[in-house]
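**Q** I am sharing model-v4.csv, which consists of CSV, C-alpha atoms and all ligand atoms:
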```
chain,number,residue,atom,x,y,z
A,1,MET,CA,-2.7,9.7,11.7
A,2,ASP,CA,-4.7,9.7,8.5
A,3,ALA,CA,-5.1,12.8,6.3
A,4,LEU,CA,-8.6,13.7,7.6
A,5,GLU,CA,-7.5,13.4,11.2
A,6,ALA,CA,-4.5,15.6,10.6
A,7,ILE,CA,-6.6,18.2,8.9
A,8,GLN,CA,-9.2,18.2,11.6
A,9,SER,CA,-6.8,18.3,14.6
A,10,ARG,CA,-4.0,20.6,13.3
A,11,ARG,CA,-3.7,23.8,15.3
A,12,SER,CA,-1.1,26.6,15.3
A,13,ILE,CA,1.6,25.9,17.9
A,14,ARG,CA,3.6,28.9,19.1
A,15,ARG,CA,5.6,27.5,22.0
A,16,TYR,CA,8.3,24.9,21.5
A,17,LEU,CA,10.8,22.7,23.4
A,18,GLU,CA,14.5,23.6,22.7
A,19,GLU,CA,15.2,20.2,21.2
A,20,PRO,CA,16.6,20.5,17.7
A,21,ILE,CA,14.7,18.9,14.8
A,22,GLY,CA,17.0,16.3,13.0
A,23,GLU,CA,17.7,16.1,9.3
A,24,PRO,CA,15.4,13.1,8.6
A,25,LEU,CA,12.4,15.0,9.9
A,26,ILE,CA,13.4,18.2,8.1
A,27,GLU,CA,13.6,16.2,4.8
A,28,LYS,CA,10.2,14.7,5.4
A,29,LEU,CA,8.7,18.2,6.0
A,30,LEU,CA,10.3,19.5,2.8
A,31,ALA,CA,9.2,16.4,0.8
A,32,ALA,CA,5.6,17.0,2.0
A,33,ALA,CA,5.8,20.7,1.0
A,34,MET,CA,7.1,19.9,-2.4
A,35,GLN,CA,4.4,17.3,-3.0
A,36,ALA,CA,1.8,20.1,-3.1
A,37,PRO,CA,-0.3,20.7,-6.2
A,38,SER,CA,0.8,23.7,-8.3
A,39,ALA,CA,-0.6,25.4,-11.4
A,40,ARG,CA,0.6,23.5,-14.5
A,41,ASN,CA,2.8,21.6,-12.1
A,42,GLN,CA,5.2,24.5,-12.1
A,43,GLN,CA,6.5,23.9,-8.6
A,44,PRO,CA,7.8,27.5,-8.4
A,45,TRP,CA,9.1,27.2,-4.9
A,46,HIS,CA,12.3,27.2,-2.9
A,47,PHE,CA,12.7,26.6,0.9
A,48,VAL,CA,15.1,28.3,3.2
A,49,VAL,CA,15.7,26.1,6.2
A,50,ILE,CA,16.7,28.3,9.2
A,51,ASP,CA,18.1,26.7,12.3
A,52,ASP,CA,20.8,29.3,13.1
A,53,ARG,CA,19.8,30.8,16.5
A,54,ALA,CA,21.1,34.3,15.8
A,55,THR,CA,19.1,34.4,12.5
A,56,LEU,CA,15.9,33.1,14.1
A,57,GLN,CA,16.3,35.8,16.8
A,58,LYS,CA,16.7,38.6,14.3
A,59,ILE,CA,13.5,37.9,12.5
A,60,PRO,CA,11.1,39.3,15.1
A,61,GLU,CA,13.0,42.6,15.0
A,62,PHE,CA,11.2,43.4,11.7
A,63,MET,CA,8.3,40.9,12.0
A,64,PRO,CA,6.7,41.3,15.4
A,65,ASN,CA,4.0,39.0,14.2
A,66,ALA,CA,6.6,36.3,14.2
A,67,ALA,CA,7.9,36.8,17.8
A,68,LEU,CA,7.5,33.0,18.3
A,69,VAL,CA,10.2,32.3,15.8
A,70,ALA,CA,12.8,33.5,18.4
A,71,GLY,CA,11.9,30.5,20.5
A,72,ALA,CA,11.7,27.9,17.7
A,73,PRO,CA,14.5,25.5,16.9
A,74,LEU,CA,13.6,25.7,13.2
A,75,ALA,CA,11.8,27.8,10.7
A,76,ILE,CA,11.3,27.2,7.0
A,77,LEU,CA,10.8,30.1,4.7
A,78,VAL,CA,8.6,29.2,1.7
A,79,CYS,CA,9.7,31.3,-1.3
A,80,GLY,CA,8.3,31.7,-4.8
A,81,ASP,CA,10.6,32.0,-7.8
A,82,LEU,CA,9.2,34.2,-10.6
A,83,SER,CA,11.6,32.7,-13.1
A,84,LEU,CA,10.0,29.3,-12.6
A,85,GLU,CA,6.5,30.4,-13.3
A,86,LYS,CA,4.6,29.0,-16.3
A,87,SER,CA,1.3,30.6,-15.3
A,88,GLU,CA,1.8,34.2,-14.2
A,89,GLY,CA,0.6,35.1,-10.7
A,90,TYR,CA,-0.1,31.6,-9.5
A,91,TRP,CA,3.1,31.4,-7.5
A,92,VAL,CA,1.3,32.8,-4.5
A,93,VAL,CA,-1.3,30.1,-4.6
A,94,ASP,CA,1.2,27.4,-5.2
A,95,CYS,CA,3.3,28.5,-2.2
A,96,ALA,CA,0.2,28.6,0.0
A,97,ALA,CA,-0.5,25.0,-0.9
A,98,ALA,CA,3.1,24.0,-0.1
A,99,THR,CA,2.8,25.9,3.2
A,100,GLU,CA,-0.3,24.1,4.2
A,101,ASN,CA,1.3,20.7,3.3
A,102,LEU,CA,4.2,21.7,5.6
A,103,LEU,CA,1.8,22.5,8.5
A,104,LEU,CA,-0.1,19.2,8.1
A,105,ALA,CA,3.1,17.1,7.8
A,106,ALA,CA,4.6,18.8,10.9
A,107,HIS,CA,1.4,17.9,12.8
A,108,ALA,CA,1.3,14.3,11.5
A,109,LEU,CA,5.0,13.9,12.6
A,110,GLY,CA,4.1,15.0,16.1
A,111,LEU,CA,5.7,18.5,15.7
A,112,GLY,CA,4.1,21.9,16.3
A,113,ALA,CA,4.1,24.6,13.6
A,114,CYS,CA,2.8,28.0,12.9
A,115,TRP,CA,2.4,29.9,9.7
A,116,CYS,CA,3.8,33.4,10.0
A,117,GLY,CA,2.5,35.8,7.3
A,118,VAL,CA,5.1,37.4,5.0
A,119,TYR,CA,3.5,37.9,1.6
A,120,PRO,CA,1.9,40.4,0.7
A,121,ARG,CA,3.6,42.7,3.3
A,122,PRO,CA,6.4,44.5,1.4
A,123,THR,CA,8.5,45.3,4.4
A,124,ARG,CA,8.6,41.7,5.7
A,125,MET,CA,9.5,40.5,2.2
A,126,ALA,CA,12.3,43.0,1.8
A,127,GLU,CA,13.8,42.4,5.2
A,128,LEU,CA,13.8,38.7,4.8
A,129,ARG,CA,15.4,39.1,1.4
A,130,LYS,CA,18.2,41.2,3.0
A,131,LEU,CA,18.6,38.9,6.0
A,132,LEU,CA,18.7,35.6,4.0
A,133,GLY,CA,20.3,36.9,0.8
A,134,LEU,CA,17.4,36.0,-1.5
A,135,PRO,CA,18.1,36.5,-5.2
A,136,GLU,CA,16.1,39.0,-7.2
A,137,ASP,CA,13.5,36.6,-8.7
A,138,VAL,CA,12.8,34.9,-5.4
A,139,LEU,CA,10.1,36.3,-3.2
A,140,ALA,CA,9.5,35.4,0.4
A,141,HIS,CA,6.0,34.0,0.8
A,142,SER,CA,5.5,32.5,4.3
A,143,LEU,CA,7.6,31.6,7.3
A,144,VAL,CA,6.7,28.4,9.2
A,145,ALA,CA,8.0,28.1,12.7
A,146,ILE,CA,8.5,24.5,13.7
A,147,GLY,CA,9.5,22.6,16.9
A,148,ARG,CA,8.4,19.9,19.3
A,149,PRO,CA,5.2,21.3,20.9
A,150,ALA,CA,5.3,22.9,24.4
A,151,GLU,CA,1.6,23.7,24.2
A,152,GLN,CA,-1.6,22.0,23.0
A,153,HIS,CA,-4.8,23.2,21.6
A,154,GLY,CA,-8.1,21.3,21.3
A,155,VAL,CA,-9.9,20.6,18.1
A,156,GLU,CA,-12.1,23.5,16.9
A,157,ASN,CA,-15.1,22.6,14.7
A,158,ARG,CA,-15.2,25.3,12.0
A,159,TYR,CA,-17.8,23.8,9.8
A,160,ARG,CA,-20.5,26.3,8.9
A,161,ALA,CA,-23.5,25.2,6.9
A,162,ASP,CA,-24.4,28.9,6.2
A,163,ARG,CA,-21.2,29.2,4.1
A,164,VAL,CA,-22.3,26.5,1.7
A,165,ARG,CA,-24.6,27.0,-1.3
A,166,ARG,CA,-25.6,24.3,-3.8
A,167,ASN,CA,-25.6,24.8,-7.5
A,168,HIS,CA,-26.4,28.6,-7.2
A,169,TRP,CA,-25.7,31.3,-4.6
B,201,LIG,C1,-1.7,33.6,5.8
B,201,LIG,C2,-1.6,33.4,7.3
B,201,LIG,C3,-0.8,34.2,8.0
B,201,LIG,C4,-0.6,34.0,9.4
B,201,LIG,N1,0.2,34.8,10.1
B,201,LIG,C5,0.4,34.6,11.4
B,201,LIG,C6,1.4,35.3,12.1
B,201,LIG,O1,2.0,36.2,11.5
B,201,LIG,N2,1.6,35.1,13.4
B,201,LIG,C7,0.9,34.1,14.0
B,201,LIG,O2,1.2,33.9,15.2
B,201,LIG,N3,0.0,33.3,13.4
B,201,LIG,C8,-0.2,33.5,12.1
B,201,LIG,N4,-1.1,32.7,11.4
B,201,LIG,C9,-1.8,31.6,12.1
B,201,LIG,C10,-3.3,32.0,12.3
B,201,LIG,O3,-3.4,33.0,13.3
B,201,LIG,C11,-4.1,30.7,12.7
B,201,LIG,O4,-4.0,29.8,11.6
B,201,LIG,C12,-5.5,31.0,13.0
B,201,LIG,O5,-5.7,31.8,14.1
B,201,LIG,C13,-6.3,29.7,13.1
B,201,LIG,O6,-5.8,28.9,14.2
B,201,LIG,P1,-5.2,27.4,14.0
B,201,LIG,O7,-4.0,27.5,13.0
B,201,LIG,O8,-4.8,27.0,15.4
B,201,LIG,O9,-6.3,26.6,13.4
B,201,LIG,C14,-1.3,32.9,10.0
B,201,LIG,C15,-2.1,32.1,9.2
B,201,LIG,C16,-2.2,32.3,7.9
B,201,LIG,C17,-3.0,31.3,7.1
```
What is this structure when it is put down as structure tokens?
Ligand SMILES: Cc1cc2nc3c(=O)[nH]c(=O)nc-3n(C[C@H](O)[C@H](O)[C@H](O)COP(=O)(O)O)c2cc1C
**A**
Amino acid sequence: MDALEAIQSRRSIRRYLEEPIGEPLIEKLLAAAMQAPSARNQQPWHFVVIDDRATLQKIPEFMPNAALVAGAPLAILVCGDLSLEKSEGYWVVDCAAATENLLLAAHALGLGACWCGVYPRPTRMAELRKLLGLPEDVLAHSLVAIGRPAEQHGVENRYRADRVRRNHW
């Protein structure tokens, strides 16, 4: 699958087969995430790979928006590390770029994934810090549930000519 095809056909997948995701695939996903652009190439991220069933099942207790994580064999928490920042405030944008890379890589590898929002919700960030033992400088940004897809969604064309201006608003 080429890059444009992956971008155009990616959809959020929220139901997964039980089959675990092996280490080689996990490494490919992480490598894709870390290949993202970042402000001044600061790469201010860390990734917490979560495949412990009990931990995955605890997350929806404080993140009802991530109920799907309980049925996923894997989730990856993308975190920003304030101590690695060279350009203040850009960690959020950098982590979003890494998250999108993760989603696209999952899709290109035949997996299904869904971005579950964490940042900027303080309770979700605090509860994930507690559950996963994140150090003080490390902030939870987004949680990506991943698994072999048990559902499919068609392509949705979102191109809107009325959202585009040329040279001036
Ligand atoms: C910042 C962000 C937060 C999101 N949070 C959630 C979430 O908490 N739970 C969920 O099921 N989907 C979540 N999504 C997925 C969106 O609902 C989804 O991307 C959107 O409906 C478009 O559908 P598509 O991903 O299939 O193209 C989130 C997406 C983004 C970008």
**Q** Pick the closest to ligand LIG 201 (chain B) from A:Leu102, A:Leu131, A:Ala96, A:Ala54: which is it, counting only C-alpha atoms and all ligand atoms?
**A**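 The answer is A:Ala96, which sits nearest to ligand LIG 201 (chain B).
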**Q** Please identify all protein, DNA and RNA residues within 7 Å of ligand LIG 201 (chain B), counting all atoms listed in the file, and report them as a ChimeraX atom specification.
**A** /A:10-14,65-66,114-117
**Q** Using all atoms listed in the file, pick whichever of A:Val92, A:Leu111, A:Ala145, A:Leu30 has the shortest atom-to-atom distance to Ile59 (chain A).
**A**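 Once distances to Ile59 (chain A) are computed over all atoms listed in the file, the minimum belongs to A:Ala145.
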**Q** With all atoms listed in the file as the counted atoms, please give the residues lying no more than 6 Å from Gly147 (chain A), apart from itself and same-chain residues fewer than 4 positions off, as a short mmCIF file (atom, residue, chain, number, x, y, z; two decimals) with C-alpha atoms, in the coordinates of the input.
**A**
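What landed in selection.cif:
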```
data_model
loop_
_atom_site.label_atom_id
_atom_site.label_comp_id
_atom_site.auth_asym_id
_atom_site.auth_seq_id
_atom_site.Cartn_x
_atom_site.Cartn_y
_atom_site.Cartn_z
CA TYR A 16 8.30 24.90 21.50
CA ALA A 72 11.70 27.90 17.70
CA PRO A 73 14.50 25.50 16.90
CA LEU A 111 5.70 18.50 15.70
CA GLY A 112 4.10 21.90 16.30
#
```
**Q** Neighbouring residues of Gln43 (chain A) were defined as those with any atom within 12 Å, considering all atoms listed in the file; residues of the same chain fewer than 6 positions away were excluded. Please report them as a list of chain:residue names.
**A**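 Answer for this query is A:Ala33, A:Met34, A:Gln35, A:Ala36, A:Pro37, A:Val78, A:Cys79, A:Gly80, A:Asp81, A:Leu82, A:Ser83, A:Leu84, A:Glu85, A:Lys86, A:Ser87, A:Tyr90, A:Trp91, A:Val92, A:Val93, A:Asp94, A:Cys95, A:Ala96, A:Ala97, A:Ala98.
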**Q** Nearest to Glu27 (chain A) among A:Leu109, A:Ser9, A:Arg15, A:Gly89, with distances taken over all atoms listed in the file: which residue is it?
**A**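 For Glu27 (chain A), the nearest of the given residues is A:Leu109.
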**Q** If you measure from CA of Gln8 (chain A) to CA of Asn167 (chain A), what distance in Å do you get, rounded to one decimal?
**A** 26.0 Å
**Q** Which residue is closest to Gly133 (chain A)? Choose from A:Val48, A:Ile26, A:Ala32, A:Val69 and count all atoms listed in the file.
**A**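 Checking each of A:Val48, A:Ile26, A:Ala32, A:Val69 against Gly133 (chain A), counting all atoms listed in the file, the winner is A:Val48.
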**Q** Work out how far CA of Arg53 (chain A) is from CA of Ala150 (chain A), in Å to one decimal.
**A**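 One can read the CA of Ala150 (chain A) to CA of Arg53 (chain A) distance as 18.3 Å.
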**Q** Find, counting only C-alpha atoms, the residue in A:Asn157, A:Thr123, A:Ser38, A:Gln152 that gets nearest to Met63 (chain A).
**A**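 Using only C-alpha atoms, the shortest distance to Met63 (chain A) belongs to A:Thr123.
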**Q** Quick one: distance from CA of Arg40 (chain A) to CA of Leu77 (chain A) in Å, one decimal?
**A**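 Between CA of Arg40 (chain A) and CA of Leu77 (chain A) the gap works out to 22.7 Å.
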**Q** Taking into account all atoms listed in the file, which residue in the set A:Glu88, A:Glu151, A:Glu156, A:Asp51 is nearest to Ala70 (chain A)?
**A**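 So, comparing all the options, the nearest one is A:Asp51.
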